[in-house]
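Structure data (TSV, C-alpha atoms) from start-v4.tsv:
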chain	number	residue	atom	x	y	z
A	1	MET	CA	117.42	118.41	113.47
A	2	HIS	CA	115.28	115.58	112.27
A	3	ILE	CA	112.59	116.09	109.58
A	4	ASP	CA	110.11	113.50	108.30
A	5	VAL	CA	109.45	113.98	104.59
A	6	LEU	CA	106.40	112.58	102.80
A	7	TYR	CA	105.98	112.25	99.01
A	8	PHE	CA	102.73	111.94	97.11
A	9	GLY	CA	101.58	111.23	93.58
A	10	VAL	CA	104.18	111.62	90.87
A	11	LEU	CA	106.81	112.66	93.44
A	12	LYS	CA	106.37	109.35	95.25
A	13	GLU	CA	107.29	107.59	92.01
A	14	LEU	CA	110.18	109.95	91.30
A	15	PHE	CA	111.72	109.26	94.73
A	16	GLN	CA	110.55	105.63	94.71
A	17	THR	CA	109.40	105.95	98.30
A	18	SER	CA	106.51	107.53	100.16
A	19	GLN	CA	108.61	108.83	103.04
A	20	THR	CA	112.13	109.50	104.18
A	21	GLN	CA	113.98	111.16	107.03
A	22	VAL	CA	116.34	114.07	106.57
A	23	GLU	CA	118.85	115.65	108.96
A	24	LEU	CA	119.13	119.43	108.65
A	25	PRO	CA	121.08	122.04	110.61
A	26	GLY	CA	119.00	124.02	113.10
A	27	GLY	CA	117.35	127.12	111.63
A	28	ALA	CA	116.76	125.61	108.18
A	29	ASN	CA	113.63	126.58	106.26
A	30	VAL	CA	111.37	124.86	103.73
A	31	GLY	CA	113.28	126.31	100.76
A	32	GLU	CA	116.55	124.80	101.93
A	33	LEU	CA	114.92	121.40	102.40
A	34	VAL	CA	113.29	121.52	98.95
A	35	ASN	CA	116.57	122.50	97.28
A	36	LEU	CA	118.35	119.67	99.05
A	37	LEU	CA	115.74	117.11	97.96
A	38	GLN	CA	115.72	118.45	94.43
A	39	LYS	CA	119.47	117.83	94.14
A	40	THR	CA	119.01	114.17	95.03
A	41	THR	CA	117.06	113.59	91.83
A	42	SER	CA	118.74	113.67	88.47
A	43	ASN	CA	117.58	116.31	86.06
A	44	GLN	CA	113.89	115.55	86.54
A	45	THR	CA	112.75	119.15	86.58
A	46	SER	CA	109.12	118.86	85.54
A	47	PRO	CA	107.59	117.76	88.88
A	48	TRP	CA	109.35	120.69	90.59
A	49	ARG	CA	107.78	123.43	88.52
A	50	SER	CA	104.44	123.37	90.29
A	51	LEU	CA	104.59	122.20	93.85
A	52	ALA	CA	103.15	122.93	97.25
A	53	VAL	CA	104.63	122.07	100.61
A	54	ALA	CA	102.79	121.30	103.83
A	55	VAL	CA	104.43	121.50	107.22
A	56	ASN	CA	102.56	119.53	109.87
A	57	ARG	CA	99.56	119.27	107.52
A	58	GLU	CA	99.26	122.98	106.71
A	59	TYR	CA	100.36	124.70	103.50
A	60	ALA	CA	103.65	126.51	104.01
A	61	GLY	CA	105.94	128.87	102.07
A	62	MET	CA	109.60	128.56	101.11
A	63	ASP	CA	110.63	130.77	104.04
A	64	THR	CA	108.69	128.80	106.68
A	65	MET	CA	111.13	127.86	109.45
A	66	LEU	CA	111.41	124.17	110.31
A	67	GLN	CA	111.54	122.65	113.78
A	68	ASP	CA	112.96	119.33	114.91
A	69	GLY	CA	110.37	116.59	114.34
A	70	ASP	CA	108.33	118.46	111.72
A	71	GLU	CA	106.41	116.47	109.11
A	72	VAL	CA	106.99	118.02	105.69
A	73	ALA	CA	104.96	116.83	102.71
A	74	LEU	CA	105.81	117.55	99.06
A	75	LEU	CA	102.59	117.87	97.10
A	76	PRO	CA	102.27	117.83	93.31
A	77	PRO	CA	99.23	119.64	91.85
A	78	VAL	CA	96.15	117.99	93.29
A	79	SER	CA	93.59	116.15	91.17
A	80	GLY	CA	90.83	115.04	93.49
A	81	GLY	CA	87.14	115.07	92.64
A	82	SER	CA	85.78	113.75	89.39
A	83	PRO	CA	87.80	113.74	86.16
A	84	CYS	CA	88.81	117.12	84.77
A	85	ALA	CA	87.01	118.63	81.80
B	1	MET	CA	78.36	118.90	108.60
B	2	ARG	CA	79.23	115.41	107.49
B	3	VAL	CA	82.79	115.30	106.11
B	4	GLU	CA	84.40	111.94	105.38
B	5	ILE	CA	87.10	110.18	103.40
B	6	LEU	CA	86.10	106.59	102.70
B	7	ASP	CA	87.65	103.52	101.10
B	8	SER	CA	84.26	102.12	100.16
B	9	VAL	CA	81.22	103.04	98.07
B	10	LEU	CA	79.86	106.50	98.98
B	11	PRO	CA	76.50	106.30	100.82
B	12	THR	CA	74.81	108.84	98.54
B	13	ASP	CA	71.18	107.97	99.30
B	14	GLU	CA	71.81	107.94	103.04
B	15	VAL	CA	73.57	111.33	103.02
B	16	LEU	CA	70.82	112.85	100.91
B	17	ALA	CA	68.07	111.51	103.13
B	18	GLU	CA	69.61	112.57	106.43
B	19	ILE	CA	70.53	116.13	105.47
B	20	LYS	CA	67.01	117.37	104.69
B	21	ALA	CA	65.35	119.58	107.32
B	22	GLY	CA	62.16	121.60	107.56
B	23	ALA	CA	63.85	124.94	106.92
B	24	ASP	CA	65.28	123.79	103.59
B	25	GLY	CA	63.83	124.80	100.25
B	26	ALA	CA	66.58	123.13	98.20
B	27	VAL	CA	69.15	120.37	98.33
B	28	CYS	CA	71.82	120.59	95.64
B	29	VAL	CA	73.81	117.41	94.92
B	30	PHE	CA	77.08	117.08	93.03
B	31	ASP	CA	77.90	113.44	92.32
B	32	GLY	CA	81.31	113.23	90.67
B	33	ILE	CA	81.73	109.98	88.73
B	34	VAL	CA	84.49	108.20	86.84
B	35	ARG	CA	84.23	108.86	83.13
B	36	ASN	CA	85.17	106.27	80.51
B	37	ASN	CA	87.70	108.50	78.73
B	38	THR	CA	90.03	111.48	79.08
B	39	ARG	CA	90.30	113.57	75.92
B	40	GLY	CA	89.22	110.54	73.92
B	41	ARG	CA	91.69	108.10	75.52
B	42	GLN	CA	89.79	105.11	76.88
B	43	THR	CA	89.97	104.82	80.67
B	44	LEU	CA	89.96	101.46	82.47
B	45	TYR	CA	89.89	102.69	86.08
B	46	LEU	CA	91.20	105.41	88.42
B	47	ASP	CA	93.25	105.04	91.62
B	48	TYR	CA	92.77	107.83	94.14
B	49	GLU	CA	95.20	108.52	96.96
B	50	ALA	CA	95.37	111.29	99.55
B	51	TYR	CA	97.45	112.89	102.24
B	52	ARG	CA	94.63	111.62	104.31
B	53	GLU	CA	94.81	113.60	107.56
B	54	MET	CA	95.49	116.88	105.80
B	55	ALA	CA	92.82	116.23	103.16
B	56	LEU	CA	90.23	115.64	105.86
B	57	ASP	CA	91.28	118.83	107.70
B	58	GLN	CA	91.02	120.78	104.44
B	59	MET	CA	87.61	119.31	103.59
B	60	GLN	CA	86.28	120.19	107.04
B	61	ALA	CA	87.56	123.74	106.65
B	62	LEU	CA	85.99	124.04	103.18
B	63	ALA	CA	82.63	122.77	104.39
B	64	ALA	CA	82.64	125.28	107.26
B	65	GLU	CA	83.71	128.09	104.95
B	66	ALA	CA	80.94	127.27	102.48
B	67	VAL	CA	78.30	127.47	105.21
B	68	THR	CA	79.55	130.93	106.24
B	69	LYS	CA	80.33	132.29	102.78
B	70	PHE	CA	77.05	131.30	101.12
B	71	ALA	CA	74.80	131.30	104.22
B	72	VAL	CA	73.57	127.76	103.51
B	73	ARG	CA	72.24	125.62	106.35
B	74	ASP	CA	74.30	122.45	106.00
B	75	VAL	CA	76.93	120.79	103.83
B	76	ALA	CA	78.05	117.19	103.35
B	77	LEU	CA	81.40	116.56	101.65
B	78	LEU	CA	82.63	113.01	101.03
B	79	HIS	CA	85.51	111.66	98.95
B	80	ARG	CA	86.35	108.07	98.14
B	81	LEU	CA	89.90	106.68	97.77
B	82	GLY	CA	91.31	103.55	96.19
B	83	ARG	CA	90.46	101.97	92.85
B	84	LEU	CA	87.27	103.20	91.18
B	85	GLU	CA	85.67	101.73	88.09
B	86	ILE	CA	83.82	103.60	85.34
B	87	GLY	CA	80.57	105.11	86.63
B	88	GLU	CA	81.47	104.93	90.32
B	89	SER	CA	81.26	108.06	92.48
B	90	SER	CA	84.53	109.58	93.65
B	91	VAL	CA	83.17	112.70	95.31
B	92	LEU	CA	79.81	113.64	96.79
B	93	ILE	CA	78.80	117.19	97.71
B	94	VAL	CA	75.38	117.92	99.16
B	95	VAL	CA	74.25	121.43	100.13
B	96	ALA	CA	71.01	122.13	101.98
B	97	SER	CA	69.65	125.66	101.97
B	98	ALA	CA	66.48	127.72	102.26
B	99	HIS	CA	67.01	128.98	98.71
B	100	ARG	CA	68.29	127.28	95.55
B	101	GLY	CA	70.66	130.04	94.42
B	102	ALA	CA	72.89	129.72	97.46
B	103	ALA	CA	72.76	125.92	97.25
B	104	PHE	CA	73.94	125.90	93.61
B	105	ASP	CA	76.64	128.50	94.28
B	106	ALA	CA	78.01	126.70	97.36
B	107	CYS	CA	78.02	123.34	95.57
B	108	ARG	CA	79.95	124.77	92.61
B	109	TRP	CA	82.43	126.58	94.86
B	110	LEU	CA	83.04	123.44	96.91
B	111	ILE	CA	83.94	121.20	93.95
B	112	ASP	CA	86.04	123.90	92.27
B	113	THR	CA	87.97	124.67	95.46
B	114	LEU	CA	88.39	121.01	96.42
B	115	LYS	CA	89.96	120.30	93.04
B	116	LYS	CA	92.50	123.10	93.53
B	117	GLN	CA	93.67	122.63	97.09
B	118	VAL	CA	92.61	119.41	98.84
B	119	PRO	CA	95.61	117.02	98.75
B	120	ILE	CA	94.08	114.14	96.79
B	121	TRP	CA	95.57	112.71	93.59
B	122	LYS	CA	94.41	110.29	90.95
B	123	LYS	CA	96.28	107.96	88.68
B	124	GLU	CA	94.46	107.18	85.46
B	125	THR	CA	94.91	103.77	83.91
B	126	PHE	CA	94.04	103.66	80.22
B	127	VAL	CA	93.88	100.76	77.82
B	128	ASP	CA	97.37	101.79	76.66
B	129	GLY	CA	99.18	103.00	79.78
B	130	ALA	CA	98.85	104.90	83.07
B	131	VAL	CA	99.60	108.46	84.19
B	132	TRP	CA	99.11	110.66	87.22
B	133	ALA	CA	96.49	113.23	86.25
B	134	ASP	CA	98.05	116.65	85.62
B	135	GLY	CA	96.01	118.36	88.28
B	136	GLU	CA	95.22	122.06	88.34
B	137	PRO	CA	98.02	124.50	89.18
B	138	PHE	CA	97.99	125.44	92.85
B	139	PRO	CA	96.53	128.86	93.71
B	140	GLU	CA	99.27	131.50	93.95
B	141	GLN	CA	99.15	131.69	97.73
B	142	ILE	CA	99.83	127.93	98.02
B	143	ALA	CA	102.26	127.23	95.16
B	144	ILE	CA	105.98	127.49	95.67
B	145	GLY	CA	108.57	127.80	92.92
B	146	ALA	CA	111.38	125.32	93.47
B	147	GLN	CA	113.23	126.59	90.38
B	148	GLU	CA	114.67	129.89	91.51
Output the structure of this file as structure tokens.
Amino acid sequence: MHIDVLYFGVLKELFQTSQTQVELPGGANVGELVNLLQKTTSNQTSPWRSLAVAVNREYAGMDTMLQDGDEVALLPPVSGGSPCA
Amino acid sequence: MRVEILDSVLPTDEVLAEIKAGADGAVCVFDGIVRNNTRGRQTLYLDYEAYREMALDQMQALAAEAVTKFAVRDVALLHRLGRLEIGESSVLIVVASAHRGAAFDACRWLIDTLKKQVPIWKKETFVDGAVWADGEPFPEQIAIGAQE
């Protein structure tokens, strides 16, 4: 199945792109996708320690099942609003 | 409820003027602005980016939740994206309520919650380099651990 992946913030720089397309076997979940993407980067562990994933614009867990055509976004810790204290 | 993500200057005066109604006893405003330093390091400007559609959905949900949770009458929640200079407003939160306590509480909850879970990021450019702001750790129910 076909998954659209979006990257934001520091992850966009790590992958040097804001989006990509990934082919996965049917029945794959978010965890399997994240592990696959993680392997494509070399040893850059720090952005992976705190991460959220959205599937079709809603926060999802590692065991969320994926469907063909889903939009999956990898989100580093957010920093909107005014500067932190 | 007025909830917007804009690429231009936030219309603070307009939002403030239009939200007031006869039943209100208080309007609480949080105007988040770009500071000239982070921990003493001199800032030149900030670049904000968002997962725009999701951020807007989340902001609309937060505004609705604030109205219910704090029993305030109305909420406006606006965020600006793109390059912002020192002193410019990045976020505007306005809460109108019969009583000031609820207005203060809702305003505080909105900015604190927005900073934890609305998918917006900022890159800080200093006189001596640029970094993506660390951000706050995601709440437990949102975060996932990729290192298992």
>> Show me, as a ChimeraX atom specification, the residues that have an atom within 10 Å of Val55 of chain A when counting all atoms listed in the file, minus same-chain residues fewer than 5 positions from it.
In response: /A:4-5,30,60-61,64-67,70-74
Please write the residues from the selection above to a file, keeping C-alpha atoms, as a compact mmCIF listing (two decimals), in the frame of the given file.
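Saved as out-v4.txt:
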# COMPACT_ATOMS: atom_id res chain seq x y z
CA ASP A 4 110.11 113.50 108.30
CA VAL A 5 109.45 113.98 104.59
CA VAL A 30 111.37 124.86 103.73
CA ALA A 60 103.65 126.51 104.01
CA GLY A 61 105.94 128.87 102.07
CA THR A 64 108.69 128.80 106.68
CA MET A 65 111.13 127.86 109.45
CA LEU A 66 111.41 124.17 110.31
CA GLN A 67 111.54 122.65 113.78
CA ASP A 70 108.33 118.46 111.72
CA GLU A 71 106.41 116.47 109.11
CA VAL A 72 106.99 118.02 105.69
CA ALA A 73 104.96 116.83 102.71
CA LEU A 74 105.81 117.55 99.06
>> I need the chain A residues near chain B as number ranges by chain; criterion: at most 7 Å, counting only C-alpha atoms.
In response: A: 9-10, 34, 48-52, 57, 59, 61-62, 77-83
Write to file, as a PDB file, in the coordinates of the input, the residues of the selection just made, with C-alpha atoms.
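Writing done, so here's result-v9.pdb:
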ATOM      1  CA  GLY A   9     101.580 111.230  93.580  1.00  0.00           C
ATOM      2  CA  VAL A  10     104.180 111.620  90.870  1.00  0.00           C
ATOM      3  CA  VAL A  34     113.290 121.520  98.950  1.00  0.00           C
ATOM      4  CA  TRP A  48     109.350 120.690  90.590  1.00  0.00           C
ATOM      5  CA  ARG A  49     107.780 123.430  88.520  1.00  0.00           C
ATOM      6  CA  SER A  50     104.440 123.370  90.290  1.00  0.00           C
ATOM      7  CA  LEU A  51     104.590 122.200  93.850  1.00  0.00           C
ATOM      8  CA  ALA A  52     103.150 122.930  97.250  1.00  0.00           C
ATOM      9  CA  ARG A  57      99.560 119.270 107.520  1.00  0.00           C
ATOM     10  CA  TYR A  59     100.360 124.700 103.500  1.00  0.00           C
ATOM     11  CA  GLY A  61     105.940 128.870 102.070  1.00  0.00           C
ATOM     12  CA  MET A  62     109.600 128.560 101.110  1.00  0.00           C
ATOM     13  CA  PRO A  77      99.230 119.640  91.850  1.00  0.00           C
ATOM     14  CA  VAL A  78      96.150 117.990  93.290  1.00  0.00           C
ATOM     15  CA  SER A  79      93.590 116.150  91.170  1.00  0.00           C
ATOM     16  CA  GLY A  80      90.830 115.040  93.490  1.00  0.00           C
ATOM     17  CA  GLY A  81      87.140 115.070  92.640  1.00  0.00           C
ATOM     18  CA  SER A  82      85.780 113.750  89.390  1.00  0.00           C
ATOM     19  CA  PRO A  83      87.800 113.740  86.160  1.00  0.00           C
TER      20      PRO A  83
END
If I wrap all listed atoms of segment 110-125 of chain B in a box with edges along x, y and z and add 8 Å on each side, what are its centre and edge lengths in Å to one decimal, as AutoDock Vina command-line options?
--center_x 89.7 --center_y 114.2 --center_z 91.4 --size_x 29.2 --size_y 36.9 --size_z 30.9
> To one decimal place, how far is atom CA of Ile19 of chain B from atom CA of Val95 of chain B in Å?
Replying inline: 8.4 Å
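Here atom CA of Ala106 of chain B stands at a distance of 10.2 Å from atom CA of Leu62 of chain B.
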>> Please compute the atom CA of Phe70 of chain B-atom CA of Glu14 of chain B distance, one decimal, in Å.
In response: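 Computing it gives 24.0 Å between the two atoms.
With all atoms listed in the file as the atoms that count, the residue of B:Ala102, B:Glu65, B:Ala71, B:Leu44 with the shortest distance to Ile86 of chain B is B:Leu44.
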